[in-house]
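Peer 1: Take a look at target08.csv, CSV, C-alpha atoms:
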```csv
chain,number,residue,atom,x,y,z
A,921,MET,CA,3.3,-20.2,-1.5
A,922,LEU,CA,4.6,-23.7,-1.3
A,923,ALA,CA,7.1,-24.9,-3.8
A,924,TYR,CA,5.7,-27.3,-6.4
A,925,GLU,CA,6.1,-29.0,-9.7
A,926,CYS,CA,3.3,-29.5,-12.1
A,927,ILE,CA,3.2,-31.9,-15.0
A,928,GLY,CA,0.7,-33.9,-17.1
A,929,GLN,CA,-2.9,-33.3,-18.3
A,930,GLY,CA,-6.3,-34.2,-17.1
A,931,SER,CA,-8.1,-33.8,-13.8
A,932,PRO,CA,-5.9,-32.1,-11.2
A,933,LEU,CA,-4.4,-34.4,-8.6
A,934,VAL,CA,-2.4,-32.9,-5.8
A,935,LEU,CA,0.3,-35.2,-4.3
A,936,ILE,CA,1.6,-34.7,-0.8
A,937,HIS,CA,4.7,-36.4,0.5
A,938,GLY,CA,5.5,-37.6,4.0
A,939,VAL,CA,7.6,-36.0,6.8
A,940,GLY,CA,11.3,-35.6,6.0
A,941,HIS,CA,10.8,-36.1,2.3
A,942,ASP,CA,9.9,-33.9,-0.6
A,943,HIS,CA,7.9,-34.0,-3.9
A,944,SER,CA,10.5,-36.3,-5.5
A,945,ALA,CA,8.9,-39.2,-3.5
A,946,TRP,CA,6.3,-39.4,-6.3
A,947,ARG,CA,8.8,-39.7,-9.2
A,948,PRO,CA,8.4,-43.4,-9.7
A,949,VAL,CA,4.7,-43.1,-10.6
A,950,LEU,CA,4.8,-39.9,-12.7
A,951,THR,CA,5.1,-41.6,-16.1
A,952,ALA,CA,2.1,-43.8,-15.5
A,953,LEU,CA,0.0,-40.9,-14.3
A,954,SER,CA,0.9,-37.8,-16.3
A,955,ASP,CA,-1.0,-38.7,-19.4
A,956,GLN,CA,-4.3,-39.0,-17.4
A,957,ARG,CA,-3.9,-36.5,-14.6
A,958,GLU,CA,-2.5,-33.0,-14.1
A,959,LEU,CA,-0.1,-33.7,-11.2
A,960,ILE,CA,0.6,-31.0,-8.7
A,961,MET,CA,3.5,-32.2,-6.5
A,962,LEU,CA,3.9,-30.0,-3.4
A,963,ASP,CA,6.8,-29.6,-1.0
A,964,LEU,CA,5.4,-29.2,2.5
A,965,PRO,CA,6.5,-26.2,4.6
A,966,GLY,CA,10.1,-26.7,5.8
A,967,HIS,CA,10.6,-29.5,3.3
A,968,GLY,CA,12.3,-29.4,-0.1
A,969,ALA,CA,12.3,-25.9,-1.6
A,970,SER,CA,9.4,-24.6,0.5
A,971,SER,CA,9.9,-22.1,3.3
A,972,PRO,CA,9.2,-23.0,6.9
A,973,LEU,CA,6.0,-22.1,8.6
A,974,ALA,CA,5.7,-18.7,10.1
A,975,SER,CA,7.6,-18.1,13.3
A,976,GLY,CA,5.8,-19.5,16.3
A,977,LYS,CA,3.4,-21.7,14.2
A,978,ALA,CA,3.5,-25.3,15.3
A,979,TYR,CA,4.0,-28.1,12.7
A,980,THR,CA,0.7,-29.9,13.4
A,981,VAL,CA,-1.3,-31.8,10.9
A,982,GLY,CA,-3.8,-28.9,11.0
A,983,SER,CA,-1.1,-26.3,10.1
A,984,TYR,CA,0.1,-28.5,7.2
A,985,ALA,CA,-3.4,-28.9,6.0
A,986,ASP,CA,-3.9,-25.1,6.1
A,987,ALA,CA,-0.7,-24.5,4.1
A,988,VAL,CA,-1.8,-27.0,1.4
A,989,ARG,CA,-5.3,-25.5,1.4
A,990,ASP,CA,-3.8,-22.1,0.8
A,991,ALA,CA,-1.6,-23.4,-2.0
A,992,ILE,CA,-4.6,-25.0,-3.7
A,993,THR,CA,-6.4,-21.7,-3.6
A,994,GLU,CA,-3.4,-19.8,-4.9
A,995,LEU,CA,-3.0,-22.2,-7.8
A,996,GLY,CA,-6.7,-21.6,-8.7
A,997,LEU,CA,-7.7,-25.2,-8.2
A,998,GLU,CA,-11.3,-25.9,-7.1
A,999,ARG,CA,-11.6,-29.1,-5.0
A,1000,PRO,CA,-8.9,-31.1,-6.7
A,1001,HIS,CA,-8.3,-34.8,-6.1
A,1002,VAL,CA,-5.7,-35.2,-3.4
A,1003,ALA,CA,-3.4,-38.1,-2.5
A,1004,GLY,CA,-0.8,-38.3,0.2
A,1005,ASN,CA,1.6,-40.7,1.9
A,1006,SER,CA,2.1,-41.0,5.7
A,1007,LEU,CA,1.9,-37.5,7.1
A,1008,GLY,CA,0.7,-36.5,3.6
A,1009,GLY,CA,-2.0,-39.1,4.0
A,1010,ALA,CA,-3.4,-37.6,7.1
A,1011,ILE,CA,-3.3,-34.1,5.5
A,1012,THR,CA,-5.2,-35.6,2.6
A,1013,LEU,CA,-8.0,-37.0,4.8
A,1014,GLU,CA,-8.3,-33.7,6.7
A,1015,LEU,CA,-8.7,-31.8,3.4
A,1016,ALA,CA,-11.4,-34.2,2.4
A,1017,ARG,CA,-13.1,-33.8,5.8
A,1018,SER,CA,-13.1,-30.0,5.3
A,1019,GLY,CA,-14.6,-30.2,1.8
A,1020,ASP,CA,-11.4,-29.0,0.0
A,1021,ALA,CA,-10.7,-32.3,-1.8
A,1022,ARG,CA,-12.9,-34.0,-4.4
A,1023,SER,CA,-11.5,-37.3,-3.4
A,1024,ALA,CA,-8.8,-38.5,-1.0
A,1025,THR,CA,-6.3,-41.4,-1.5
A,1026,ALA,CA,-4.2,-42.0,1.6
A,1027,LEU,CA,-1.2,-44.3,1.5
A,1028,ALA,CA,-0.3,-45.6,5.0
A,1029,PRO,CA,-1.6,-42.4,6.7
A,1030,ILE,CA,-0.6,-41.6,10.3
A,1031,GLY,CA,-3.3,-41.3,12.9
A,1032,PHE,CA,-4.4,-44.9,13.2
A,1033,TRP,CA,-1.7,-46.0,15.7
A,1034,SER,CA,-1.7,-47.2,19.2
A,1035,PRO,CA,0.3,-45.5,22.0
A,1036,ALA,CA,3.0,-48.2,21.7
A,1037,GLU,CA,3.1,-47.9,17.9
A,1038,ILE,CA,3.5,-44.1,18.3
A,1039,ARG,CA,6.5,-44.6,20.6
A,1040,PHE,CA,8.0,-47.1,18.1
A,1041,SER,CA,7.5,-44.9,15.1
A,1042,MET,CA,8.9,-41.8,16.8
A,1043,ALA,CA,12.0,-43.7,18.1
A,1044,SER,CA,12.5,-45.3,14.7
A,1045,LEU,CA,12.3,-42.0,12.8
A,1046,ARG,CA,14.7,-40.2,15.2
A,1047,SER,CA,17.3,-43.0,15.1
A,1048,THR,CA,17.1,-43.2,11.3
A,1049,ARG,CA,17.6,-39.5,11.0
A,1050,ALA,CA,20.6,-39.6,13.4
A,1051,LEU,CA,22.1,-42.4,11.4
A,1052,ASN,CA,21.6,-40.6,8.1
A,1053,ARG,CA,23.2,-37.5,9.5
A,1054,ALA,CA,26.1,-39.3,10.9
A,1055,LEU,CA,26.8,-41.2,7.7
A,1056,ARG,CA,26.0,-38.3,5.4
A,1057,PRO,CA,29.5,-37.9,4.0
A,1058,ILE,CA,29.6,-41.4,2.8
A,1059,VAL,CA,25.9,-42.0,2.1
A,1060,PRO,CA,26.2,-41.3,-1.6
A,1061,ALA,CA,28.8,-44.0,-2.0
A,1062,LEU,CA,26.9,-46.4,0.2
A,1063,LEU,CA,23.6,-45.9,-1.7
A,1064,GLY,CA,25.3,-46.6,-5.0
A,1065,ASN,CA,25.2,-50.3,-3.9
A,1066,PRO,CA,21.9,-52.1,-4.1
A,1067,TRP,CA,22.7,-54.2,-1.0
A,1068,ALA,CA,23.6,-51.1,1.0
A,1069,ARG,CA,20.3,-49.5,-0.1
A,1070,ALA,CA,18.5,-52.5,1.2
A,1071,VAL,CA,20.1,-52.2,4.6
A,1072,LEU,CA,19.8,-48.4,5.0
A,1073,LEU,CA,16.3,-47.9,3.6
A,1074,ALA,CA,14.4,-51.0,4.7
A,1075,GLN,CA,12.4,-49.0,7.2
A,1076,PHE,CA,10.6,-47.1,4.4
A,1077,TYR,CA,10.7,-49.4,1.4
A,1078,GLY,CA,9.6,-53.0,0.9
A,1079,HIS,CA,12.2,-53.4,-1.8
A,1080,PRO,CA,14.9,-50.8,-1.3
A,1081,ALA,CA,17.1,-52.2,-4.0
A,1082,ARG,CA,14.5,-51.2,-6.6
A,1083,LEU,CA,15.2,-47.5,-6.0
A,1084,SER,CA,17.6,-45.9,-8.4
A,1085,SER,CA,20.8,-44.7,-6.7
A,1086,ALA,CA,19.7,-41.1,-7.5
A,1087,ASP,CA,16.3,-41.5,-5.9
A,1088,ALA,CA,17.9,-43.2,-2.9
A,1089,ARG,CA,20.4,-40.4,-2.4
A,1090,ALA,CA,17.6,-37.8,-2.7
A,1091,ALA,CA,15.5,-39.5,-0.1
A,1092,ALA,CA,18.3,-40.0,2.3
A,1093,ASP,CA,19.5,-36.4,1.9
A,1094,ALA,CA,16.0,-34.9,2.4
A,1095,PHE,CA,15.5,-37.0,5.5
A,1096,ALA,CA,18.9,-35.9,7.0
A,1097,THR,CA,18.5,-32.2,6.2
A,1098,SER,CA,14.8,-31.5,6.8
A,1099,THR,CA,14.5,-28.8,9.4
A,1100,ALA,CA,10.8,-29.5,9.7
A,1101,LEU,CA,11.2,-33.1,10.7
A,1102,PRO,CA,12.3,-32.6,14.3
A,1103,ALA,CA,9.8,-29.8,14.7
A,1104,THR,CA,7.0,-32.0,13.4
A,1105,LEU,CA,7.4,-35.2,15.4
A,1106,PRO,CA,6.3,-33.8,18.8
A,1107,HIS,CA,3.0,-32.7,17.2
A,1108,THR,CA,2.3,-35.6,14.9
A,1109,ARG,CA,2.7,-38.0,17.8
A,1110,ASN,CA,-0.4,-36.4,19.3
A,1111,TYR,CA,-2.5,-36.8,16.1
A,1112,GLN,CA,-5.3,-39.4,16.1
A,1113,PHE,CA,-7.7,-39.7,13.2
A,1114,THR,CA,-11.3,-39.4,14.4
A,1115,ALA,CA,-14.5,-40.6,12.7
A,1116,GLU,CA,-16.3,-37.3,13.3
A,1117,PRO,CA,-16.9,-35.1,11.5
A,1118,GLN,CA,-17.6,-37.6,8.8
A,1119,ILE,CA,-16.0,-37.4,5.3
A,1120,SER,CA,-18.4,-37.2,2.5
A,1121,ALA,CA,-15.9,-37.3,-0.4
A,1122,PRO,CA,-14.7,-40.7,-1.8
A,1123,VAL,CA,-11.8,-42.1,0.3
A,1124,THR,CA,-9.3,-44.8,-0.6
A,1125,ILE,CA,-6.9,-46.1,2.1
A,1126,ALA,CA,-4.0,-48.3,1.1
A,1127,TRP,CA,-1.4,-50.1,3.2
A,1128,GLY,CA,1.8,-51.9,2.2
A,1129,THR,CA,2.1,-55.4,3.6
A,1130,ARG,CA,5.8,-54.8,4.3
A,1131,ASP,CA,5.3,-51.4,6.1
A,1132,ARG,CA,7.9,-51.5,8.9
A,1133,LEU,CA,7.1,-48.0,10.2
A,1134,LEU,CA,3.3,-47.9,10.5
A,1135,LEU,CA,2.6,-51.6,10.9
A,1136,PRO,CA,0.0,-53.0,8.5
A,1137,ARG,CA,-2.3,-53.9,11.4
A,1138,GLN,CA,-3.1,-50.2,11.6
A,1139,ALA,CA,-5.1,-50.7,8.3
A,1140,ARG,CA,-7.7,-52.6,10.4
A,1141,ARG,CA,-8.3,-49.5,12.6
A,1142,ALA,CA,-8.6,-47.4,9.5
A,1143,GLN,CA,-11.2,-49.8,8.2
A,1144,ALA,CA,-13.1,-49.6,11.4
A,1145,LEU,CA,-13.1,-45.8,11.5
A,1146,LEU,CA,-13.8,-45.4,7.8
A,1147,PRO,CA,-16.0,-48.4,6.9
A,1148,GLY,CA,-17.4,-46.6,3.7
A,1149,ALA,CA,-13.9,-46.1,2.2
A,1150,THR,CA,-12.2,-48.4,-0.2
A,1151,HIS,CA,-9.4,-50.3,1.6
A,1152,VAL,CA,-6.6,-51.8,-0.4
A,1153,ARG,CA,-3.6,-54.0,0.4
A,1154,LEU,CA,-0.4,-53.2,-1.5
A,1155,ASN,CA,1.3,-56.6,-1.5
A,1156,GLY,CA,5.1,-56.5,-1.0
A,1157,CYS,CA,5.1,-52.7,-0.5
A,1158,GLY,CA,6.7,-50.8,2.3
A,1159,HIS,CA,5.7,-47.5,4.0
A,1160,VAL,CA,6.6,-45.4,0.9
A,1161,PRO,CA,5.2,-47.7,-1.7
A,1162,MET,CA,5.8,-45.7,-4.9
A,1163,PRO,CA,9.1,-47.3,-5.9
A,1164,ASP,CA,8.2,-50.7,-4.6
A,1165,ASP,CA,5.3,-51.2,-7.1
A,1166,PRO,CA,4.9,-48.1,-9.3
A,1167,ASP,CA,2.2,-49.8,-11.5
A,1168,ALA,CA,0.0,-50.8,-8.6
A,1169,VAL,CA,0.3,-47.4,-6.9
A,1170,ALA,CA,-0.4,-45.5,-10.1
A,1171,ALA,CA,-3.4,-47.7,-10.8
A,1172,LEU,CA,-4.6,-47.0,-7.2
A,1173,LEU,CA,-4.2,-43.3,-7.6
A,1174,LEU,CA,-6.1,-43.2,-10.9
A,1175,GLN,CA,-8.9,-45.3,-9.5
A,1176,GLY,CA,-9.1,-43.1,-6.3
A,1177,SER,CA,-9.2,-39.9,-8.4
A,1178,GLU,CA,-11.8,-40.9,-11.0
A,1179,THR,CA,-13.3,-37.8,-12.6
A,1180,SER,CA,-16.8,-38.4,-11.3
A,1181,PRO,CA,-16.6,-40.8,-8.4
A,1182,LYS,CA,-19.7,-41.7,-6.5
A,1183,PRO,CA,-19.9,-39.9,-3.1
A,1184,ARG,CA,-19.8,-42.2,-0.1
A,1185,VAL,CA,-22.5,-42.1,2.5
```
What do you get writing this file as structure tokens?
Peer 2:
Amino acid sequence: MLAYECIGQGSPLVLIHGVGHDHSAWRPVLTALSDQRELIMLDLPGHGASSPLASGKAYTVGSYADAVRDAITELGLERPHVAGNSLGGAITLELARSGDARSATALAPIGFWSPAEIRFSMASLRSTRALNRALRPIVPALLGNPWARAVLLAQFYGHPARLSSADARAAADAFATSTALPATLPHTRNYQFTAEPQISAPVTIAWGTRDRLLLPRQARRAQALLPGATHVRLNGCGHVPMPDDPDAVAALLLQGSETSPKPRV
């Protein structure tokens, strides 16, 4: 069973973080969501407090989706709304494709990249992890300064200085210590979203205009592959948009997880 935190009331909404993070990524939007949704925030396998995948099992998008699907079943949820960021966004779309999600909201999902953009993203993530690990003894002190947060976290956030020092330290520590991250990257680099089989559930795709990891032009490919989805620009937001504009992201998640959304053709 995956580790999770559950708060709020209303229609269940499962929240899935990106690679190298944990469920605390969603903290900035919880207050705005918890009075209208029951929020189930998962730690993916090998992230946060969740155990790694079984020995010999590869950290592919499919394996992650299987683990989330099993957690949904064990929690007694029947086709909940699902939302995810980055790797979590791809997992969300695959759960919608398999019929396990009532709706899917994906924030800057992987899988819409070109070969050159894949190489850039992989190199960027590896170098950022190496820097975080090298600086780990002094990272807490550095991240206490808004200017240092802006320098160290600009890859992920459009406005790094808006993070609290506690959230910034949690994000940097999770990224530096995640055992799943180096095991995941060789597999996610081979993941490409495909239009078939089609997704019948309502889908919302959002991209931050200041995403420096999965460049915003990838949103155009998402629109071409999912023309029936709702496509949204998050102005001024980075790759992990929740702390950049909590109100806009919360509104997007509420809209994407309406209780009785119209199915898309």
Peer 1: Quick one, how far is atom CA of A:Leu962 from atom CA of A:Lys977?
Peer 2: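 Computing the Euclidean distance for atom CA of A:Leu962 and atom CA of A:Lys977 yields 19.5 Å.
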Peer 1: Quick check, in Å to one decimal: how far apart do atom CA of A:Glu958 and atom CA of A:Val1169 lie?
Peer 2: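 Between these atoms lies a distance of 16.3 Å.
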Peer 1: Give me the stretch 977-1093 of chain A side of the contact with stretch 1130-1134 of chain A, cut-off 10 Å, one line per residue showing its nearest atom pair and distance in Å at one decimal, counting only C-alpha atoms, sorted by chain and residue number, as a Markdown table.
Peer 2:
```
| residue | atom | partner | partner_atom | distance |
| --- | --- | --- | --- | --- |
| A:Ser1006 | CA | A:Leu1134 | CA | 8.5 |
| A:Ala1028 | CA | A:Leu1134 | CA | 7.0 |
| A:Pro1029 | CA | A:Leu1134 | CA | 8.3 |
| A:Ile1030 | CA | A:Leu1134 | CA | 7.4 |
| A:Gly1031 | CA | A:Leu1134 | CA | 9.6 |
| A:Phe1032 | CA | A:Leu1134 | CA | 8.7 |
| A:Trp1033 | CA | A:Leu1134 | CA | 7.5 |
| A:Glu1037 | CA | A:Leu1134 | CA | 7.4 |
| A:Ile1038 | CA | A:Leu1134 | CA | 8.7 |
| A:Phe1040 | CA | A:Leu1133 | CA | 8.0 |
| A:Ser1041 | CA | A:Leu1133 | CA | 5.8 |
| A:Met1042 | CA | A:Leu1133 | CA | 9.2 |
| A:Ser1044 | CA | A:Leu1133 | CA | 7.5 |
| A:Leu1045 | CA | A:Leu1133 | CA | 8.4 |
| A:Ala1074 | CA | A:Arg1132 | CA | 7.8 |
| A:Gln1075 | CA | A:Arg1132 | CA | 5.4 |
| A:Phe1076 | CA | A:Leu1133 | CA | 6.8 |
| A:Tyr1077 | CA | A:Asp1131 | CA | 7.4 |
| A:Gly1078 | CA | A:Arg1130 | CA | 5.4 |
| A:His1079 | CA | A:Arg1130 | CA | 9.0 |
```
Peer 1: Check the smallest atom-to-atom distance from each of A:Arg1140, A:Ala1050, A:Thr1124, A:Ala952 to A:Ala1168 using only C-alpha atoms, then report the winner.
Peer 2: A:Ala952
Peer 1: Would you compute the distance between atom CA of A:Ala1170 and atom CA of A:Val949? Give it in Å to one decimal.
Peer 2: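 Atom CA of A:Val949 lies 5.7 Å from atom CA of A:Ala1170.
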Peer 1: Quick one: residues within 9 Å of A:Thr1097, only C-alpha atoms, excluding same-chain residues fewer than 2 positions away - as a list in words?
Peer 2: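 Listed by chain and then number, they are Gly940, His967, Arg1049, Arg1053, Ala1092, Asp1093, Ala1094, Phe1095, Thr1099, Ala1100 and Leu1101 of chain A.
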Peer 1: Please rebuild stretch 959-970 of chain A with all heavy atoms and give the result as a compact mmCIF listing (two decimals), in the coordinates of the input.
Peer 2:
```txt
# COMPACT_ATOMS: atom_id res chain seq x y z
N LEU A 959 -0.72 -33.37 -12.52
CA LEU A 959 -0.10 -33.70 -11.20
C LEU A 959 0.51 -32.45 -10.62
O LEU A 959 1.39 -31.81 -11.24
CB LEU A 959 0.93 -34.79 -11.39
CG LEU A 959 0.43 -36.08 -12.06
CD1 LEU A 959 1.60 -37.01 -12.36
CD2 LEU A 959 -0.60 -36.78 -11.18
N ILE A 960 0.08 -32.10 -9.44
CA ILE A 960 0.60 -31.00 -8.70
C ILE A 960 1.34 -31.53 -7.49
O ILE A 960 0.70 -31.95 -6.52
CB ILE A 960 -0.43 -29.94 -8.30
CG1 ILE A 960 -1.16 -29.41 -9.54
CG2 ILE A 960 0.21 -28.78 -7.53
CD1 ILE A 960 -2.46 -30.12 -9.85
N MET A 961 2.66 -31.59 -7.53
CA MET A 961 3.50 -32.20 -6.50
C MET A 961 4.03 -31.09 -5.58
O MET A 961 4.86 -30.30 -6.02
CB MET A 961 4.58 -33.04 -7.06
CG MET A 961 4.08 -34.21 -7.90
SD MET A 961 5.37 -34.86 -8.97
CE MET A 961 5.45 -33.58 -10.22
N LEU A 962 3.57 -31.06 -4.34
CA LEU A 962 3.90 -30.00 -3.40
C LEU A 962 5.12 -30.40 -2.54
O LEU A 962 5.28 -31.57 -2.20
CB LEU A 962 2.76 -29.64 -2.52
CG LEU A 962 1.46 -29.19 -3.19
CD1 LEU A 962 0.38 -29.04 -2.12
CD2 LEU A 962 1.66 -27.89 -3.94
N ASP A 963 5.92 -29.40 -2.14
CA ASP A 963 6.80 -29.60 -1.00
C ASP A 963 6.16 -28.94 0.21
O ASP A 963 5.78 -27.75 0.19
CB ASP A 963 8.15 -28.82 -1.27
CG ASP A 963 9.08 -29.57 -2.21
OD1 ASP A 963 8.85 -30.77 -2.45
OD2 ASP A 963 10.03 -28.94 -2.72
N LEU A 964 5.97 -29.72 1.26
CA LEU A 964 5.40 -29.20 2.50
C LEU A 964 6.23 -28.12 3.12
O LEU A 964 7.43 -28.05 2.85
CB LEU A 964 5.12 -30.34 3.47
CG LEU A 964 4.04 -31.35 3.09
CD1 LEU A 964 4.06 -32.53 4.05
CD2 LEU A 964 2.65 -30.70 3.06
N PRO A 965 5.66 -27.27 3.97
CA PRO A 965 6.50 -26.20 4.60
C PRO A 965 7.68 -26.83 5.35
O PRO A 965 7.58 -27.85 6.02
CB PRO A 965 5.48 -25.65 5.65
CG PRO A 965 4.14 -25.88 5.06
CD PRO A 965 4.24 -27.21 4.35
N GLY A 966 8.83 -26.21 5.14
CA GLY A 966 10.10 -26.70 5.80
C GLY A 966 10.67 -27.89 5.10
O GLY A 966 11.65 -28.45 5.60
N HIS A 967 10.11 -28.34 3.99
CA HIS A 967 10.60 -29.50 3.30
C HIS A 967 10.98 -29.06 1.84
O HIS A 967 10.36 -28.15 1.27
CB HIS A 967 9.55 -30.59 3.17
CG HIS A 967 9.18 -31.21 4.47
ND1 HIS A 967 8.40 -30.57 5.41
CD2 HIS A 967 9.48 -32.43 4.99
CE1 HIS A 967 8.23 -31.38 6.46
NE2 HIS A 967 8.87 -32.51 6.23
N GLY A 968 11.96 -29.73 1.26
CA GLY A 968 12.30 -29.40 -0.10
C GLY A 968 12.65 -27.97 -0.30
O GLY A 968 13.42 -27.38 0.45
N ALA A 969 12.01 -27.34 -1.29
CA ALA A 969 12.30 -25.90 -1.60
C ALA A 969 11.25 -24.99 -0.94
O ALA A 969 11.27 -23.79 -1.22
CB ALA A 969 12.24 -25.73 -3.11
N SER A 970 10.36 -25.51 -0.09
CA SER A 970 9.40 -24.60 0.50
C SER A 970 9.91 -23.99 1.81
O SER A 970 10.69 -24.60 2.56
CB SER A 970 8.10 -25.46 0.92
OG SER A 970 7.37 -25.79 -0.23
```
